[in-house]
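File shown here: final_19.txt, holding compact mmCIF, C-alpha atoms.
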# COMPACT_ATOMS: atom_id res chain seq x y z
CA THR A 1 3.09 166.14 143.19
CA ILE A 2 4.54 166.07 139.70
CA ALA A 3 5.43 162.40 140.13
CA GLU A 4 1.86 161.48 141.08
CA ILE A 5 0.42 163.44 138.17
CA ALA A 6 2.87 161.78 135.77
CA THR A 7 2.00 158.36 137.17
CA THR A 8 -1.72 159.02 136.72
CA PHE A 9 -1.38 160.09 133.10
CA THR A 10 1.01 157.24 132.36
CA GLY A 11 -1.52 154.77 133.75
CA MET A 12 -4.32 156.28 131.64
CA PHE A 13 -2.17 156.04 128.53
CA TYR A 14 -0.68 152.61 129.23
CA LEU A 15 -3.80 150.86 130.52
CA GLY A 16 -6.50 152.85 128.75
CA TYR A 17 -5.55 154.36 125.44
CA VAL A 18 -2.98 151.90 124.07
CA PRO A 19 -5.01 148.68 124.64
CA SER A 20 -8.12 150.38 123.19
CA PHE A 21 -6.72 149.65 119.74
CA TRP A 22 -7.76 146.01 120.25
CA ILE A 23 -11.39 147.17 120.43
CA ARG A 24 -10.99 149.25 117.28
CA THR A 25 -9.45 146.27 115.52
CA ARG A 26 -12.29 143.99 116.69
CA LEU A 27 -14.86 146.26 115.02
CA PHE A 28 -13.07 146.34 111.67
CA GLY A 29 -14.90 144.51 108.89
CA ALA A 30 -18.30 144.36 110.60
CA GLN A 31 -20.07 145.54 107.46
CA VAL A 32 -18.41 143.17 105.00
CA VAL A 33 -17.29 139.90 106.57
CA GLU A 34 -14.44 138.31 104.63
CA THR A 35 -14.23 134.54 104.43
CA THR A 36 -11.13 132.61 105.41
CA ARG A 37 -9.75 129.27 104.26
CA LEU A 38 -11.39 127.65 107.30
CA SER A 39 -14.83 129.20 106.82
CA PHE A 40 -16.28 125.88 105.68
CA LEU A 41 -15.54 124.48 109.14
CA TRP A 42 -16.93 127.34 111.20
CA SER A 43 -19.90 128.51 109.14
CA PRO A 44 -22.28 125.73 110.30
CA ILE A 45 -21.37 126.38 113.95
CA LEU A 46 -21.78 130.14 113.66
CA ASN A 47 -25.05 129.74 111.79
CA PHE A 48 -26.31 127.49 114.57
CA PHE A 49 -25.48 130.06 117.23
CA GLY A 50 -26.87 132.88 115.14
CA ARG A 51 -30.21 131.17 114.59
CA LYS A 52 -30.60 129.24 117.81
CA ALA A 53 -29.25 131.72 120.36
CA GLU A 54 -32.67 132.24 121.91
CA ALA A 55 -32.88 128.51 122.62
CA LEU A 56 -29.54 128.36 124.42
CA PRO A 57 -28.94 129.05 128.11
CA SER A 58 -29.16 132.76 128.81
CA PHE A 59 -25.45 133.17 129.64
CA ILE A 60 -24.15 131.79 126.34
CA PRO A 61 -25.12 134.60 123.93
CA ARG A 62 -23.20 137.05 126.10
CA PHE A 63 -20.00 135.27 125.13
CA ILE A 64 -20.83 135.07 121.43
CA HIS A 65 -20.47 138.36 119.60
CA LEU A 66 -21.79 138.15 116.07
CA PRO A 67 -20.82 138.82 113.39
CA ILE A 68 -17.34 137.38 113.57
CA THR A 69 -15.55 140.34 111.99
CA THR A 70 -12.36 140.45 109.97
CA GLY A 71 -10.80 142.21 112.93
CA SER A 72 -11.80 139.50 115.39
CA ILE A 73 -10.25 136.79 113.22
CA PHE A 74 -7.10 138.87 112.94
CA ILE A 75 -7.02 139.30 116.72
CA PHE A 76 -7.45 135.55 117.27
CA TRP A 77 -4.35 134.69 115.23
CA THR A 78 -2.40 137.66 116.55
CA TRP A 79 -3.07 136.71 120.16
CA LEU A 80 -2.03 133.14 119.40
CA CYS A 81 1.30 134.46 118.11
CA ILE A 82 1.87 136.61 121.19
CA ALA A 83 0.83 133.94 123.69
CA PHE A 84 2.89 131.16 122.16
CA SER A 85 5.82 133.50 121.68
CA ASP A 86 5.98 133.70 125.47
CA VAL A 87 5.65 129.93 125.74
CA GLY A 88 8.35 129.30 123.14
CA ALA A 89 10.69 131.83 124.72
CA TYR A 90 10.25 130.21 128.14
CA PHE A 91 10.99 126.64 127.06
CA VAL A 92 13.75 127.45 124.56
CA GLY A 93 15.37 129.84 127.02
CA ARG A 94 15.15 127.30 129.81
CA LYS A 95 16.83 124.59 127.75
CA TYR A 96 19.23 126.51 125.52
CA GLY A 97 19.47 129.97 127.04
CA LYS A 98 23.14 130.87 127.60
CA THR A 99 23.44 134.43 126.31
CA LYS A 100 21.68 136.84 128.60
CA LEU A 101 19.73 139.59 126.90
CA GLY A 102 21.45 142.02 129.23
CA ALA A 103 24.79 141.23 127.58
CA LEU A 104 23.55 142.90 124.40
CA PHE A 105 21.10 145.38 125.91
CA PRO A 106 22.08 146.41 129.46
CA ALA A 107 18.75 148.18 130.06
CA ALA A 108 16.86 144.98 129.28
CA GLY A 109 19.15 143.01 131.57
CA ALA A 110 18.59 145.46 134.43
CA THR A 111 14.83 145.19 133.96
CA SER A 112 14.57 141.43 133.45
CA PRO A 113 17.91 139.66 134.11
CA ASN A 114 16.65 136.13 133.39
CA LYS A 115 15.74 136.66 129.74
CA SER A 116 18.09 135.19 127.16
CA VAL A 117 18.78 135.84 123.50
CA GLU A 118 18.13 132.19 122.66
CA GLY A 119 14.77 132.36 124.41
CA TYR A 120 13.77 135.44 122.46
CA LEU A 121 14.79 133.83 119.16
CA GLY A 122 12.87 130.67 120.03
CA GLY A 123 9.77 132.65 120.86
CA SER A 124 10.14 134.65 117.66
CA ALA A 125 10.36 131.45 115.60
CA VAL A 126 7.17 130.08 117.18
CA SER A 127 5.39 133.39 116.65
CA ALA A 128 6.55 133.57 113.02
CA GLY A 129 5.31 130.03 112.37
CA LEU A 130 1.86 130.81 113.77
CA GLY A 131 1.90 134.10 111.90
CA MET A 132 2.39 132.28 108.61
CA ILE A 133 -0.45 129.87 109.40
CA GLY A 134 -2.71 132.77 110.32
CA ALA A 135 -1.75 134.68 107.18
CA TRP A 136 -2.57 131.64 105.05
CA VAL A 137 -5.92 131.18 106.76
CA GLN A 138 -6.80 134.85 106.29
CA LYS A 139 -5.68 134.81 102.65
CA TRP A 140 -3.05 137.51 103.03
CA PRO A 141 -1.02 138.38 99.92
CA TYR A 142 2.45 136.80 100.07
CA TRP A 143 1.36 135.02 103.23
CA LEU A 144 4.72 133.32 103.82
CA ILE A 145 6.50 136.66 104.02
CA THR A 146 3.80 138.84 105.56
CA GLY A 147 2.90 136.20 108.14
CA ALA A 148 6.51 135.61 109.18
CA VAL A 149 7.28 139.33 109.47
CA HIS A 150 4.07 139.86 111.42
CA GLY A 151 5.00 137.07 113.81
CA PHE A 152 8.53 138.38 114.34
CA LEU A 153 7.28 141.91 115.03
CA LEU A 154 4.69 140.62 117.48
CA ALA A 155 7.39 138.74 119.36
CA LEU A 156 9.49 141.90 119.52
CA LEU A 157 6.58 144.06 120.70
CA GLY A 158 5.62 141.38 123.20
CA LEU A 159 9.14 141.49 124.62
CA ILE A 160 8.99 145.28 124.83
CA GLY A 161 5.65 145.03 126.62
CA ASP A 162 7.06 142.50 129.05
CA LEU A 163 10.12 144.64 129.75
CA THR A 164 7.97 147.74 130.19
CA ALA A 165 5.82 146.00 132.77
CA SER A 166 8.91 144.69 134.56
CA MET A 167 10.35 148.21 134.63
CA LEU A 168 7.15 149.59 136.16
CA LYS A 169 7.11 146.85 138.81
CA ARG A 170 10.75 147.38 139.73
CA ASP A 171 10.25 151.11 139.96
CA ALA A 172 7.30 150.56 142.30
CA GLY A 173 9.14 147.90 144.31
CA LEU A 174 6.68 145.16 143.37
CA LYS A 175 7.23 141.57 142.36
CA ASP A 176 3.82 141.14 140.71
CA PHE A 177 0.95 143.44 139.78
CA GLY A 178 -1.41 141.38 141.93
CA ASN A 179 -2.16 137.91 143.25
CA ILE A 180 -5.46 137.02 141.59
CA ILE A 181 -3.83 134.20 139.58
CA PRO A 182 -1.93 131.72 141.78
CA GLU A 183 1.77 131.42 140.87
CA HIS A 184 1.34 133.99 138.10
CA GLY A 185 0.46 137.25 139.83
CA GLY A 186 -2.13 139.69 138.57
CA ILE A 187 -3.95 140.19 135.31
CA MET A 188 -1.35 142.65 134.02
CA ASP A 189 1.37 140.06 134.61
CA ARG A 190 -0.38 137.88 132.02
CA VAL A 191 -1.32 140.51 129.43
CA ASP A 192 1.70 142.83 129.51
CA SER A 193 2.91 141.41 126.18
CA PHE A 194 -0.37 142.42 124.53
CA VAL A 195 -0.23 146.15 125.36
CA TRP A 196 2.21 147.58 122.82
CA SER A 197 1.07 145.08 120.18
CA ALA A 198 -2.33 146.76 119.98
CA PRO A 199 -1.53 149.93 117.96
CA TYR A 200 0.72 147.99 115.59
CA SER A 201 -1.94 145.31 115.05
CA PHE A 202 -4.56 147.97 114.35
CA LEU A 203 -2.39 149.50 111.64
CA VAL A 204 -1.67 146.12 110.06
CA CYS A 205 -5.29 144.94 110.07
CA VAL A 206 -7.02 148.18 109.08
CA TYR A 207 -4.48 149.76 106.73
CA PHE A 208 -1.53 147.60 105.69
CA ILE A 209 -3.25 144.33 104.67
CA PRO A 210 -6.15 146.05 102.83
CA ALA A 211 -3.65 148.27 100.98
CA LEU A 212 -1.53 145.25 100.06
CA ARG A 213 -4.62 143.40 98.79
CA LYS A 214 -5.60 146.39 96.70
CA LEU A 215 -2.09 146.70 95.33
CA THR A 216 -1.88 143.02 94.38
CA GLY A 217 -5.50 142.72 93.27
CA THR A 218 -6.28 139.84 95.66

Written form, structure tokens:
Amino acid sequence: TIAEIATTFTGMFYLGYVPSFWIRTRLFGAQVVETTRLSFLWSPILNFFGRKAEALPSFIPRFIHLPITTGSIFIFWTWLCIAFSDVGAYFVGRKYGKTKLGALFPAAGATSPNKSVEGYLGGSAVSAGLGMIGAWVQKWPYWLITGAVHGFLLALLGLIGDLTASMLKRDAGLKDFGNIIPEHGGIMDRVDSFVWSAPYSFLVCVYFIPALRKLTGT
């Protein structure tokens, strides 16, 4: 049926194509590895793994992908922003949440009635704070501004990803995507906030930050 065909193509796009931008981002900067402000801490550890990998247990090198690219460092800080945005939104919303998101955006309220405006703002603040730290570490131009904006946008895209997943579950009559993680549901229930952040993050890492560095000469 048309509905089944649409569902199939939506799944391919939502679960295949969109998250693939994380892989593209990971590969960025493999040829020329840029140092960060914390390189002096990690260089000895990475050098040890790079030179001694054959002496380590056989399973360890599989989890260590060298070189640590510019894209992988970007992903690390970006994922921290997204993850702790959820954490901040949960705790702030639980303690201070009074204004339901549905009061401002009825579609969001119908999809996820428990989310609050205060929770979203709290999560955005946490994400912006981590974004500024990550921007400083990665030596971004105007790191206070670029890091904060990056964090706020990640919180917004994370919310959109969460609402999208909730919409899909409600449409399918499901509470969770699975039950592999006790009390949390399936894998998609944990990574839904990361889906729509992938294309945006790719553009920021591969195009926006390099262009800004070239423009400012840093």

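In this model, the gap between CA of Glu118 in chain A and CA of Leu144 in chain A comes to 23.2 Å.
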
* **Residue with smallest distance to Tyr120 in chain A - pool A:Met132, A:Leu153, A:Leu159, A:Ala107, counting all atoms listed in the file** => A:Leu159

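Interatomic distance, CA of Pro141 in chain A to CA of Arg213 in chain A: 6.3 Å.
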
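Residue nearest Leu130 in chain A, chosen from A:Gly217, A:Gly93, A:Gly88, A:Pro113 and counting all atoms listed in the file: A:Gly88.
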
* Residue contacts of range 203-209 of chain A (9 Å, all atoms listed in the file) excluding same-chain residues fewer than 6 positions away, as a list in words -> Thr25, Phe28, Gly29, Thr70, Gly71, Phe74, Ile75, Trp140, Pro141, Thr146 and His150 of chain A

Write the selection just made, keeping C-alpha atoms, as a compact mmCIF listing (two decimals), keeping the file's coordinate frame?
# COMPACT_ATOMS: atom_id res chain seq x y z
CA THR A 25 -9.45 146.27 115.52
CA PHE A 28 -13.07 146.34 111.67
CA GLY A 29 -14.90 144.51 108.89
CA THR A 70 -12.36 140.45 109.97
CA GLY A 71 -10.80 142.21 112.93
CA PHE A 74 -7.10 138.87 112.94
CA ILE A 75 -7.02 139.30 116.72
CA TRP A 140 -3.05 137.51 103.03
CA PRO A 141 -1.02 138.38 99.92
CA THR A 146 3.80 138.84 105.56
CA HIS A 150 4.07 139.86 111.42

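Nearest-residue note for Thr7 in chain A: choosing from A:Val92, A:Asp171, A:Thr218, A:Phe40, the minimum distance belongs to A:Asp171, counting all atoms listed in the file.
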
* To do: Write out as a PyMOL selection string which residues come within 10 Å of Gly129 in chain A when counting only C-alpha atoms, dropping same-chain ones fewer than 2 positions away.
  => chain A and resi 81+85+123-127+131-135+144+147-152

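Proximity of A:Asp192, A:Asp86, A:Lys115, A:Leu121 to Lys169 in chain A, computed with all atoms listed in the file, is greatest for A:Asp192.
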
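Atom pair CA of Lys98 in chain A / CA of Ser116 in chain A has a distance of 6.7 Å (rounded to one decimal).
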